[in-house]
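Student: Pasting protein_36.cif below, which is mmCIF, C-alpha atoms.
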```
data_upload
#
loop_
_atom_site.label_atom_id
_atom_site.label_comp_id
_atom_site.auth_asym_id
_atom_site.auth_seq_id
_atom_site.Cartn_x
_atom_site.Cartn_y
_atom_site.Cartn_z
CA MET A 1 151.69 -41.16 -15.62
CA GLY A 2 154.96 -41.85 -17.39
CA ALA A 3 153.11 -41.99 -20.71
CA ALA A 4 151.32 -38.68 -20.12
CA ILE A 5 154.46 -36.75 -19.08
CA ALA A 6 156.47 -38.16 -21.99
CA ALA A 7 153.72 -37.44 -24.53
CA ALA A 8 153.34 -33.86 -23.32
CA ARG A 9 157.10 -33.28 -23.34
CA THR A 10 157.25 -34.64 -26.89
CA GLY A 11 154.82 -31.91 -27.89
CA ALA A 12 151.39 -33.53 -27.82
CA LYS A 13 148.37 -31.96 -26.18
CA THR A 14 147.82 -34.56 -23.46
CA ALA A 15 145.10 -35.50 -20.98
CA LEU A 16 145.58 -38.03 -18.19
CA VAL A 17 142.50 -39.85 -16.89
CA GLU A 18 142.87 -41.52 -13.49
CA ARG A 19 140.05 -43.27 -11.65
CA HIS A 20 141.63 -42.53 -8.26
CA PRO A 21 141.80 -39.03 -6.75
CA ILE A 22 145.60 -39.23 -6.69
CA LEU A 23 148.33 -40.05 -9.20
CA GLY A 24 150.62 -43.06 -8.95
CA GLY A 25 148.39 -46.12 -9.30
CA MET A 26 149.62 -49.17 -7.42
CA GLY A 27 152.55 -47.21 -5.97
CA THR A 28 150.30 -44.76 -4.15
CA ALA A 29 146.60 -45.69 -4.33
CA ALA A 30 147.40 -49.31 -3.46
CA LEU A 31 150.32 -48.40 -1.11
CA VAL A 32 152.90 -50.53 -2.93
CA ASN A 33 155.32 -47.72 -2.13
CA ASN A 34 158.67 -49.15 -3.16
CA PHE A 35 160.92 -49.49 -6.20
CA CYS A 36 161.90 -53.10 -6.83
CA ASN A 37 165.37 -53.44 -8.32
CA ALA A 38 164.40 -53.69 -11.98
CA TYR A 39 166.63 -50.68 -12.73
CA TYR A 40 170.05 -51.72 -11.35
CA ASP A 41 171.61 -54.97 -12.53
CA GLY A 42 174.24 -55.14 -9.80
CA ARG A 43 176.80 -53.25 -11.87
CA ARG A 44 175.03 -50.33 -13.53
CA PHE A 45 171.71 -48.54 -13.93
CA ILE A 46 169.71 -49.91 -16.86
CA ILE A 47 166.63 -47.64 -16.54
CA GLY A 48 167.00 -43.88 -16.80
CA GLY A 49 164.64 -41.25 -18.14
CA LEU A 50 161.53 -40.38 -16.17
CA PHE A 51 162.05 -43.14 -13.63
CA GLN A 52 165.44 -41.80 -12.61
CA GLU A 53 164.00 -38.28 -12.55
CA PHE A 54 161.36 -39.43 -10.05
CA ARG A 55 163.88 -41.40 -8.02
CA ASN A 56 166.37 -38.53 -7.85
CA ARG A 57 163.69 -36.09 -6.74
CA LEU A 58 162.55 -38.45 -4.01
CA ILE A 59 166.13 -38.85 -2.79
CA ALA A 60 166.72 -35.09 -2.88
CA CYS A 61 163.79 -34.40 -0.56
CA GLY A 62 164.57 -37.32 1.77
CA ALA A 63 161.51 -39.30 0.71
CA LEU A 64 163.28 -42.50 -0.41
CA TYR A 65 165.73 -44.89 1.23
CA PRO A 66 168.41 -45.42 -1.44
CA THR A 67 169.49 -49.05 -1.23
CA LEU A 68 169.79 -50.16 -4.90
CA HIS A 69 167.62 -53.09 -3.90
CA LEU A 70 164.06 -52.61 -2.69
CA GLU A 71 163.72 -48.87 -2.12
CA PRO A 72 160.83 -47.68 0.07
CA TYR A 73 159.51 -44.19 -0.66
CA ASN A 74 157.02 -41.80 0.88
CA HIS A 75 153.85 -42.11 -1.18
CA HIS A 76 152.64 -38.61 -0.31
CA ALA A 77 155.87 -37.10 -1.66
CA PHE A 78 155.55 -39.29 -4.75
CA CYS A 79 152.04 -37.92 -5.40
CA ASN A 80 153.28 -34.34 -5.07
CA ILE A 81 156.21 -34.90 -7.45
CA ALA A 82 153.97 -36.66 -9.96
CA ARG A 83 151.47 -33.80 -9.98
CA GLU A 84 154.23 -31.20 -10.31
CA LEU A 85 155.85 -33.01 -13.26
CA CYS A 86 152.50 -33.50 -14.98
CA GLU A 87 151.48 -29.89 -14.56
CA THR A 88 154.90 -28.57 -15.60
CA ALA A 89 154.73 -30.68 -18.76
CA GLY A 90 151.27 -29.30 -19.51
CA VAL A 91 149.27 -32.47 -18.87
CA SER A 92 145.56 -31.89 -18.28
CA LEU A 93 144.64 -33.97 -15.21
CA HIS A 94 141.25 -35.65 -14.83
CA LEU A 95 141.46 -37.36 -11.43
CA GLY A 96 138.75 -39.43 -9.78
CA GLN A 97 137.28 -40.15 -13.22
CA PRO A 98 136.52 -43.71 -14.35
CA VAL A 99 136.25 -44.32 -18.09
CA ILE A 100 132.62 -44.97 -18.98
CA GLU A 101 132.95 -45.66 -22.71
CA SER A 102 135.43 -45.21 -25.54
CA TYR A 103 134.93 -44.62 -29.27
CA PHE A 104 137.53 -44.91 -32.02
CA GLY A 105 137.66 -43.64 -35.58
CA SER A 106 140.46 -44.07 -38.08
CA ASN A 107 142.28 -40.98 -36.81
CA SER A 108 140.23 -39.92 -33.81
CA ALA A 109 139.09 -41.19 -30.45
CA SER A 110 136.71 -40.14 -27.71
CA ILE A 111 136.80 -41.13 -24.06
CA MET A 112 133.58 -40.62 -22.10
CA LEU A 113 133.96 -39.82 -18.39
CA ASN A 114 131.35 -39.15 -15.73
CA ASP A 115 130.89 -35.49 -16.54
CA GLU A 116 132.71 -34.85 -19.80
CA THR A 117 133.98 -36.41 -23.01
CA LEU A 118 137.59 -36.06 -24.15
CA HIS A 119 138.46 -36.04 -27.85
CA GLY A 120 141.86 -36.78 -29.33
CA LYS A 121 143.83 -38.63 -31.96
CA VAL A 122 145.62 -41.40 -30.05
CA VAL A 123 144.76 -43.25 -26.81
CA VAL A 124 147.24 -44.86 -24.42
CA ASP A 125 145.61 -47.61 -22.35
CA ALA A 126 147.70 -47.58 -19.17
CA SER A 127 144.92 -48.95 -16.97
CA GLY A 128 146.91 -52.04 -15.99
CA ASP A 129 143.87 -54.16 -16.87
CA ALA A 130 143.75 -53.26 -20.60
CA VAL A 131 140.26 -51.85 -19.96
CA ILE A 132 139.98 -49.80 -23.15
CA ALA A 133 141.73 -52.41 -25.28
CA ALA A 134 139.32 -55.10 -24.08
CA ALA A 135 136.32 -52.87 -24.75
CA GLN A 136 137.57 -52.31 -28.29
CA GLY A 137 137.86 -56.03 -28.98
CA VAL A 138 141.66 -56.28 -28.85
CA GLU A 139 142.57 -59.97 -28.53
CA MET A 140 143.82 -61.07 -25.13
CA LEU A 141 146.40 -63.80 -24.65
CA PRO A 142 145.25 -67.09 -23.14
CA ARG A 143 146.86 -68.17 -19.91
CA GLU A 144 149.98 -70.29 -20.23
CA SER A 145 148.13 -73.13 -18.51
CA LYS A 146 144.36 -73.62 -18.41
CA SER A 147 144.65 -74.45 -14.71
CA ARG A 148 146.81 -71.39 -13.99
CA LEU A 149 144.90 -68.67 -12.15
CA PRO A 150 146.11 -65.05 -11.93
CA MET A 151 148.50 -64.19 -9.16
CA PRO A 152 146.72 -63.43 -5.86
CA LEU A 153 145.70 -59.98 -4.67
CA ASN A 154 146.15 -58.29 -1.32
CA TYR A 155 145.72 -55.00 0.48
CA CYS A 156 148.76 -53.04 1.62
CA TYR A 157 148.56 -50.81 4.66
CA LEU A 158 150.48 -48.54 7.02
CA LEU A 159 150.95 -49.81 10.57
CA GLY A 160 152.27 -47.94 13.60
CA PRO A 161 153.57 -46.32 15.64
CA VAL A 162 156.35 -48.75 16.44
CA ASP A 163 158.63 -48.77 19.46
CA TRP A 164 162.12 -48.46 18.02
CA GLN A 165 163.88 -49.05 21.36
CA THR A 166 162.07 -52.36 21.91
CA ILE A 167 162.95 -53.41 18.37
CA ARG A 168 166.62 -52.52 18.96
CA ASN A 169 166.66 -54.64 22.11
CA GLU A 170 164.60 -57.63 20.99
CA LEU A 171 164.53 -57.76 17.17
CA PRO A 172 167.65 -55.95 15.90
CA GLU A 173 167.87 -58.09 12.74
CA ILE A 174 165.05 -56.11 11.11
CA ILE A 175 166.99 -52.83 11.33
CA LEU A 176 168.90 -52.06 8.13
CA THR A 177 170.87 -49.03 6.90
CA ASP A 178 170.48 -47.34 3.51
CA ARG A 179 173.37 -45.97 1.43
CA THR A 180 173.25 -42.64 3.26
CA GLY A 181 173.57 -44.28 6.70
CA LYS A 182 169.91 -43.82 7.66
CA GLU A 183 168.29 -46.67 9.59
CA TYR A 184 165.00 -48.24 8.55
CA LEU A 185 162.99 -51.37 9.32
CA TYR A 186 162.77 -54.25 6.87
CA LEU A 187 160.65 -57.30 7.68
CA GLY A 188 160.04 -60.37 5.56
CA PRO A 189 162.40 -63.36 5.36
CA GLN A 190 163.70 -63.34 8.94
CA PRO A 191 163.46 -66.82 10.56
CA ARG A 192 161.87 -65.60 13.80
CA LEU A 193 159.06 -63.88 11.88
CA LYS A 194 158.34 -67.07 9.95
CA GLU A 195 158.23 -69.02 13.21
CA TRP A 196 155.77 -66.56 14.77
CA ILE A 197 153.57 -66.81 11.68
CA ARG A 198 153.63 -70.61 12.00
CA GLN A 199 152.58 -70.35 15.64
CA ALA A 200 149.74 -67.92 14.87
CA ARG A 201 148.45 -70.14 12.08
CA GLU A 202 148.55 -73.20 14.32
CA ALA A 203 146.66 -71.24 16.99
CA GLY A 204 143.99 -70.37 14.42
CA THR A 205 144.36 -66.60 14.85
CA LEU A 206 145.99 -66.13 11.43
CA THR A 207 144.33 -67.52 8.30
CA ILE A 208 146.39 -65.62 5.70
CA PRO A 209 147.77 -68.31 3.35
CA ARG A 210 151.37 -67.12 3.53
CA GLU A 211 154.22 -68.69 5.43
CA ARG A 212 156.08 -65.37 5.59
CA ILE A 213 155.50 -61.63 5.36
CA ALA A 214 155.92 -60.66 1.72
CA VAL A 215 157.61 -57.47 2.78
CA ALA A 216 157.20 -54.66 5.29
CA TYR A 217 159.41 -51.60 5.65
CA SER A 218 159.66 -48.16 7.21
CA VAL A 219 158.14 -45.21 5.36
CA PRO A 220 160.64 -42.37 4.78
CA GLN A 221 159.68 -39.21 6.70
CA MET A 222 157.20 -41.39 8.69
CA GLU A 223 159.81 -43.62 10.38
CA ASP A 224 157.50 -44.77 13.17
CA TYR A 225 155.23 -46.46 10.61
CA ILE A 226 155.79 -49.42 8.35
CA SER A 227 154.17 -50.23 5.01
CA VAL A 228 152.93 -53.83 5.13
CA ASN A 229 152.44 -56.25 2.22
CA PHE A 230 151.07 -59.37 3.92
CA GLY A 231 148.03 -61.07 2.46
CA ARG A 232 146.88 -63.39 -0.29
CA VAL A 233 143.46 -63.54 -1.98
CA THR A 234 142.97 -65.71 -5.07
CA VAL A 235 140.34 -64.86 -7.68
CA ALA A 236 139.68 -66.23 -11.16
CA ASP A 237 139.37 -62.85 -12.90
CA PRO A 238 140.66 -59.64 -11.28
CA SER A 239 139.04 -57.58 -14.06
CA ASP A 240 135.56 -58.68 -12.88
CA PRO A 241 134.15 -56.00 -10.50
CA ARG A 242 132.10 -58.57 -8.58
CA GLN A 243 135.14 -60.74 -7.91
CA ILE A 244 137.14 -57.67 -6.90
CA ARG A 245 134.47 -56.65 -4.38
CA ALA A 246 134.51 -60.14 -2.85
CA ALA A 247 138.33 -60.10 -2.77
CA GLU A 248 138.28 -56.72 -1.02
CA GLU A 249 136.16 -58.11 1.81
CA ILE A 250 138.54 -61.01 2.33
CA GLY A 251 141.52 -58.68 1.97
CA LYS A 252 140.25 -56.33 4.66
CA GLN A 253 139.75 -59.25 7.04
CA GLN A 254 143.35 -60.26 6.37
CA VAL A 255 144.46 -56.71 7.24
CA HIS A 256 142.72 -57.03 10.63
CA GLU A 257 144.43 -60.40 11.18
CA GLY A 258 147.77 -58.92 10.19
CA GLU A 259 147.40 -56.05 12.65
CA ALA A 260 146.53 -58.47 15.46
CA PHE A 261 149.48 -60.69 14.56
CA PHE A 262 151.97 -57.82 14.71
CA ARG A 263 150.57 -56.57 18.02
CA GLN A 264 150.67 -60.01 19.66
CA TYR A 265 153.89 -61.52 18.31
CA VAL A 266 156.34 -58.92 17.01
CA PRO A 267 158.39 -56.92 19.56
CA GLY A 268 157.88 -53.17 19.26
CA PHE A 269 154.41 -53.42 17.71
CA ARG A 270 152.25 -53.78 20.82
CA ASN A 271 150.66 -50.35 20.33
CA ALA A 272 150.61 -50.36 16.52
CA ARG A 273 147.36 -49.89 14.62
CA VAL A 274 146.41 -49.68 10.96
CA ALA A 275 146.92 -46.00 10.18
CA GLU A 276 146.21 -46.03 6.43
CA LEU A 277 144.70 -48.58 4.05
CA GLY A 278 145.22 -48.64 0.30
CA LEU A 279 142.42 -47.05 -1.72
CA GLN A 280 142.19 -50.33 -3.58
CA ILE A 281 143.31 -53.91 -3.19
CA GLY A 282 146.64 -54.55 -4.90
CA VAL A 283 146.41 -56.42 -8.21
CA ARG A 284 149.45 -58.16 -9.68
CA GLU A 285 147.98 -59.61 -12.86
CA SER A 286 144.85 -59.53 -14.99
CA ARG A 287 144.80 -59.24 -18.82
CA GLN A 288 147.60 -59.41 -21.39
CA ILE A 289 146.96 -58.11 -24.90
CA ARG A 290 148.17 -59.96 -27.97
CA GLY A 291 150.62 -57.56 -29.57
CA GLN A 292 152.83 -57.65 -32.60
CA TYR A 293 155.28 -59.64 -30.48
CA VAL A 294 154.68 -61.72 -27.33
CA LEU A 295 157.49 -61.43 -24.78
CA THR A 296 158.04 -64.83 -23.15
CA GLY A 297 159.59 -66.21 -20.01
CA GLU A 298 162.32 -67.67 -22.21
CA ASP A 299 163.10 -64.16 -23.50
CA VAL A 300 163.41 -62.90 -19.94
CA LEU A 301 165.56 -65.72 -18.58
CA ALA A 302 167.77 -65.72 -21.70
CA CYS A 303 168.28 -61.94 -21.25
CA ARG A 304 167.23 -61.46 -24.89
CA GLN A 305 167.94 -58.19 -26.72
CA PHE A 306 165.74 -56.66 -29.46
CA GLU A 307 166.39 -54.08 -32.17
CA ASP A 308 163.16 -52.25 -31.31
CA VAL A 309 164.02 -52.02 -27.59
CA ILE A 310 162.19 -49.24 -25.73
CA ALA A 311 162.96 -50.29 -22.14
CA GLN A 312 165.20 -52.65 -20.19
CA CYS A 313 164.57 -54.71 -17.07
CA CYS A 314 166.58 -56.96 -14.76
CA TYR A 315 164.02 -57.85 -12.09
CA SER A 316 163.52 -61.48 -11.13
CA VAL A 317 160.76 -63.70 -12.42
CA ASP A 318 158.47 -63.26 -9.40
CA ILE A 319 155.35 -65.44 -9.46
CA HIS A 320 153.04 -65.51 -6.44
CA GLU A 321 151.34 -68.88 -6.75
CA PRO A 322 147.53 -68.76 -6.39
CA ASN A 323 145.92 -70.97 -3.74
CA SER A 324 149.36 -71.59 -2.29
CA ASP A 325 151.94 -70.35 0.19
CA LYS A 326 154.60 -70.44 -2.51
CA THR A 327 156.36 -67.69 -4.41
CA ILE A 328 158.60 -68.61 -7.34
CA LEU A 329 161.61 -66.29 -7.56
CA ILE A 330 164.21 -66.72 -10.32
CA LYS A 331 166.93 -64.07 -10.34
CA LEU A 332 168.68 -62.91 -13.49
CA PRO A 333 172.49 -63.13 -13.55
CA GLU A 334 174.30 -60.09 -12.16
CA GLY A 335 175.18 -57.56 -14.83
CA GLN A 336 172.53 -58.80 -17.29
CA HIS A 337 169.09 -57.67 -18.39
CA TYR A 338 166.47 -58.25 -21.07
CA ASP A 339 164.85 -55.82 -23.50
CA ILE A 340 161.18 -54.95 -23.91
CA PRO A 341 160.39 -54.35 -27.61
CA LEU A 342 158.09 -51.67 -28.98
CA ARG A 343 156.06 -54.38 -30.74
CA CYS A 344 154.74 -55.59 -27.35
CA LEU A 345 152.96 -52.26 -26.86
CA VAL A 346 151.08 -52.32 -30.17
CA PRO A 347 147.97 -54.55 -30.45
CA HIS A 348 148.14 -57.21 -33.15
CA ARG A 349 144.66 -56.21 -34.24
CA GLY A 350 142.43 -53.36 -33.13
CA PRO A 351 142.22 -49.58 -33.48
CA GLY A 352 145.33 -48.22 -35.18
CA ASN A 353 145.40 -45.28 -32.80
CA LEU A 354 145.47 -47.35 -29.60
CA ILE A 355 148.68 -48.32 -27.78
CA VAL A 356 149.02 -50.12 -24.44
CA ALA A 357 151.34 -49.45 -21.48
CA GLY A 358 151.92 -51.10 -18.14
CA ARG A 359 151.71 -54.68 -16.97
CA SER A 360 149.07 -55.63 -19.58
CA ILE A 361 151.35 -55.34 -22.63
CA SER A 362 151.86 -58.37 -24.87
CA ALA A 363 153.65 -60.96 -22.74
CA THR A 364 153.20 -64.34 -21.15
CA GLN A 365 152.42 -64.56 -17.45
CA THR A 366 155.99 -65.57 -16.66
CA ALA A 367 157.49 -62.58 -18.49
CA MET A 368 154.94 -60.20 -16.98
CA SER A 369 155.82 -61.40 -13.47
CA SER A 370 159.21 -59.74 -13.97
CA PHE A 371 158.49 -56.39 -15.64
CA ARG A 372 155.25 -55.64 -13.71
CA VAL A 373 157.12 -53.57 -11.10
CA SER A 374 157.19 -49.76 -10.99
CA PRO A 375 160.58 -48.88 -12.57
CA SER A 376 160.09 -50.96 -15.71
CA VAL A 377 156.40 -50.07 -15.97
CA MET A 378 157.31 -46.38 -15.83
CA ALA A 379 159.93 -46.88 -18.55
CA ILE A 380 157.38 -48.71 -20.72
CA GLY A 381 154.91 -45.89 -20.13
CA GLU A 382 157.46 -43.26 -21.14
CA ALA A 383 158.08 -45.07 -24.45
CA THR A 384 154.37 -45.49 -25.05
CA GLY A 385 153.77 -41.78 -24.55
CA VAL A 386 156.51 -40.91 -27.05
CA ALA A 387 155.11 -43.34 -29.64
CA ALA A 388 151.59 -41.97 -29.13
CA ALA A 389 152.76 -38.38 -29.50
CA LEU A 390 154.63 -39.18 -32.72
CA ALA A 391 151.60 -41.00 -34.12
CA ALA A 392 149.35 -38.03 -33.32
CA GLU A 393 151.80 -35.58 -34.88
CA ASN A 394 152.09 -37.64 -38.08
CA GLU A 395 148.40 -38.62 -38.11
CA SER A 396 149.45 -42.21 -38.62
CA PRO A 397 148.78 -45.55 -36.89
CA VAL A 398 151.08 -46.25 -33.97
CA SER A 399 152.28 -49.37 -35.80
CA ALA A 400 153.71 -47.12 -38.53
CA ILE A 401 156.01 -45.20 -36.16
CA PRO A 402 159.59 -46.47 -36.61
CA ALA A 403 161.22 -47.84 -33.49
CA LYS A 404 164.25 -45.65 -34.15
CA ALA A 405 162.12 -42.51 -34.00
CA VAL A 406 160.88 -43.51 -30.55
CA GLN A 407 164.37 -44.53 -29.43
CA ASP A 408 165.86 -41.22 -30.53
CA VAL A 409 163.40 -39.25 -28.40
CA LEU A 410 163.92 -41.55 -25.42
CA ILE A 411 167.71 -41.28 -25.62
CA ARG A 412 167.48 -37.49 -25.70
CA SER A 413 165.45 -37.81 -22.49
CA ASN A 414 168.26 -39.80 -20.82
CA ALA A 415 166.65 -43.21 -21.26
CA ILE A 416 169.04 -46.17 -21.21
CA LEU A 417 168.48 -48.59 -24.10
CA SER A 418 171.80 -50.44 -24.32
#
```
Let me see the file written as structure tokens.
Tutor:
Amino acid sequence: MGAAIAAARTGAKTALVERHPILGGMGTAALVNNFCNAYYDGRRFIIGGLFQEFRNRLIACGALYPTLHLEPYNHHAFCNIARELCETAGVSLHLGQPVIESYFGSNSASIMLNDETLHGKVVVDASGDAVIAAAQGVEMLPRESKSRLPMPLNYCYLLGPVDWQTIRNELPEIILTDRTGKEYLYLGPQPRLKEWIRQAREAGTLTIPRERIAVAYSVPQMEDYISVNFGRVTVADPSDPRQIRAAEEIGKQQVHEGEAFFRQYVPGFRNARVAELGLQIGVRESRQIRGQYVLTGEDVLACRQFEDVIAQCCYSVDIHEPNSDKTILIKLPEGQHYDIPLRCLVPHRGPGNLIVAGRSISATQTAMSSFRVSPSVMAIGEATGVAAALAAENESPVSAIPAKAVQDVLIRSNAILS
């Protein structure tokens, strides 16, 4: 989405292909409707551009709780803003369309959909799973450890209505206030919740392998409902459709268990039901391409800077351990960030007119666990769209586009690169 809007604004004739009927990917179709704090380092904003445009529009219409931490937003409003920005930029939308096949020439490409074939000069693979890159034989990085499985999957869902008065009386610690003074619910690390989860697991009514709720929070403009991220399904390969189907069955059972847990144990949720389920199970990790540079965990934790920077990030290393209750969280120092270089977006080998955006860019699993969240992914997408548009205009490989040319366009679009 960020890539398509940026490419169109740069002057390229642009088509966006999305397998879901709505825009927004994990943030809407999978109901991961929040902005993790990859964009604010505790002292200043480090991500601007399209991300801040989205965020400001959500705030303006009351569809986001501004907290400068984890910011819940209304996913329906997000979809509407995304469509408006795409259409205003002139992006041709092809929603509900999976990619069937792709073909690449030296300066041309074709993408076959269910009922049509799109022809162009440059392709941005923003699938999150490097679907087109893998089909074109782009090398994928091996896992950091042979025994290391991908991070687990889970469904997110909306649950409600909740009884605010009961919560005020019996569980006031989950009521927080955003920067405008508006109250909202935030559940996750509270000790009493962890104790209730322990009791439910001991009773055998809760089999979800998590010792705490990952996170659950009120939905702006739908304050009687919370968006719940509470589940854990481990698979060997999230890009395998058969494994995804099996994970979805387990994930849906965990949703039923989660609903029953909330109704039985958590004050104010006695009458709550699952009101909306993600269109897909949430995926944190699948493939990583081998690019011209591999961003590492050491780069992230050392807050490394690069001359070909196209985006910045300050989010924690956030690894959900497979087959485990554990989550590894390593925060970056306040006021510091790391850079994401343009070279990570460009495959080391493969079609010269293919560039990759999103969580599947060239990085180790540890590095990816940090930048995989929406603000940084949108910033990466914006840069990818600019690079693709410049490559199409110059009829050159994306690897031949100077980083400074991309940076100049980004800076004019209010991106923050230093």
Student: Leaving out A:Ser413 and any residue of its chain fewer than 2 positions from it, which residues lie within 10 Å of it when counting all atoms listed in the file, given as a PDB file with C-alpha atoms, in the coordinates of the input?
Tutor:
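Writing done, so here's out-v6.pdb:
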```pdb
ATOM      1  CA  ALA A   6     156.470 -38.160 -21.990  1.00  0.00           C
ATOM      2  CA  ARG A   9     157.100 -33.280 -23.340  1.00  0.00           C
ATOM      3  CA  THR A  10     157.250 -34.640 -26.890  1.00  0.00           C
ATOM      4  CA  GLY A  48     167.000 -43.880 -16.800  1.00  0.00           C
ATOM      5  CA  GLY A  49     164.640 -41.250 -18.140  1.00  0.00           C
ATOM      6  CA  LEU A  50     161.530 -40.380 -16.170  1.00  0.00           C
ATOM      7  CA  GLU A 382     157.460 -43.260 -21.140  1.00  0.00           C
ATOM      8  CA  GLN A 407     164.370 -44.530 -29.430  1.00  0.00           C
ATOM      9  CA  ASP A 408     165.860 -41.220 -30.530  1.00  0.00           C
ATOM     10  CA  VAL A 409     163.400 -39.250 -28.400  1.00  0.00           C
ATOM     11  CA  LEU A 410     163.920 -41.550 -25.420  1.00  0.00           C
ATOM     12  CA  ILE A 411     167.710 -41.280 -25.620  1.00  0.00           C
ATOM     13  CA  ALA A 415     166.650 -43.210 -21.260  1.00  0.00           C
ATOM     14  CA  ILE A 416     169.040 -46.170 -21.210  1.00  0.00           C
TER      15      ILE A 416
END
```
Student: Would you translate the PyMOL selection byres ((chain A and resi 147-154) around 7) into the concrete set of residues it matches in this file, as a list in words?
Tutor: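 Applied to this file, the PyMOL selection byres ((chain A and resi 147-154) around 7) selects Arg143, Ser145, Lys146, Tyr155, Cys156, Gly231, Arg232, Val233, Thr234, Val235, Ala236, Gly251, Ile281, Gly282, Val283, Arg284, Glu285, Ser286, Ile319, His320, Glu321 and Pro322 of chain A.
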Student: Name the residues that the PyMOL selection byres ((chain A and resi 259) around 8) picks from the file above, as a PyMOL selection string, using the file's chain letters and numbers.
Tutor: chain A and resi 159+255-258+260-263+272-274
Student: Applied to this file, what does the PyMOL selection byres ((chain A and resi 103) around 12) return in terms of residues, put as a list in words?
Tutor: Val99, Ile100, Glu101, Ser102, Phe104, Gly105, Ser106, Asn107, Ser108, Ala109, Ser110, Ile111, Met112, Leu113, Thr117, Leu118, His119, Gly120, Lys121, Val122, Val123, Ile132, Ala133, Ala135, Gln136, Gly137, Pro351, Asn353 and Leu354 of chain A
Student: What's the 10 Å shell around A:Arg192, counting all atoms listed in the file, without same-chain residues fewer than 6 positions away, as a list in words?
Tutor: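 The filter keeps Leu171, Glu173, Arg198 and Val266 of chain A.
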Student: Restricting the calculation to all atoms listed in the file: of A:Asn394, A:Gln253, A:Asn74, A:Asn323, which residue gets closest to A:Tyr217?
Tutor: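 Ranking A:Asn394, A:Gln253, A:Asn74, A:Asn323 by distance to A:Tyr217, first place goes to A:Asn74.
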Student: Would you kindly return, as an NGL selection string, each protein, DNA or RNA residue with an atom no farther than 12 Å from any atom of stretch 168-170 of chain A, considering only C-alpha atoms and excluding same-chain residues fewer than 5 positions away?
Tutor: :A and (162-163 or 175-176 or 183-185 or 192 or 265-269)
Student: Using all atoms listed in the file, pick whichever of A:Ser218, A:Gln97, A:Gln280, A:Asn414 has the shortest atom-to-atom distance to A:Asn33.
Tutor: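 Using all atoms listed in the file, the shortest distance to A:Asn33 belongs to A:Ser218.
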Student: State, in Å with one decimal place, the distance from atom CA of A:Arg359 to atom CA of A:Ala60.
Tutor: 28.4 Å
Student: Contacts of A:Ser374 at 10 Å or less, counting all atoms listed in the file, minus same-chain residues fewer than 4 places along, as number ranges by chain?
Tutor: A: 24-27, 32-39, 51, 358-359, 378-380
Student: Would you list the contacts of stretch 81-88 of chain A as a ChimeraX atom specification, taking every protein, DNA or RNA residue within 8 Å and counting all atoms listed in the file, but skipping same-chain residues closer than 2 positions in sequence?
Tutor: /A:1,4-5,23-24,54,57,77-79,90-93
Student: Please, what distance in Å, to one decimal, runs between atom CA of A:Asn229 and atom CA of A:Leu31?
Tutor: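 Computed distance, atom CA of A:Asn229 to atom CA of A:Leu31, equals 8.8 Å.
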Student: Please compute the atom CA of A:Gly188-atom CA of A:Arg372 distance, one decimal, in Å.
Tutor: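 A separation of 20.4 Å between them.
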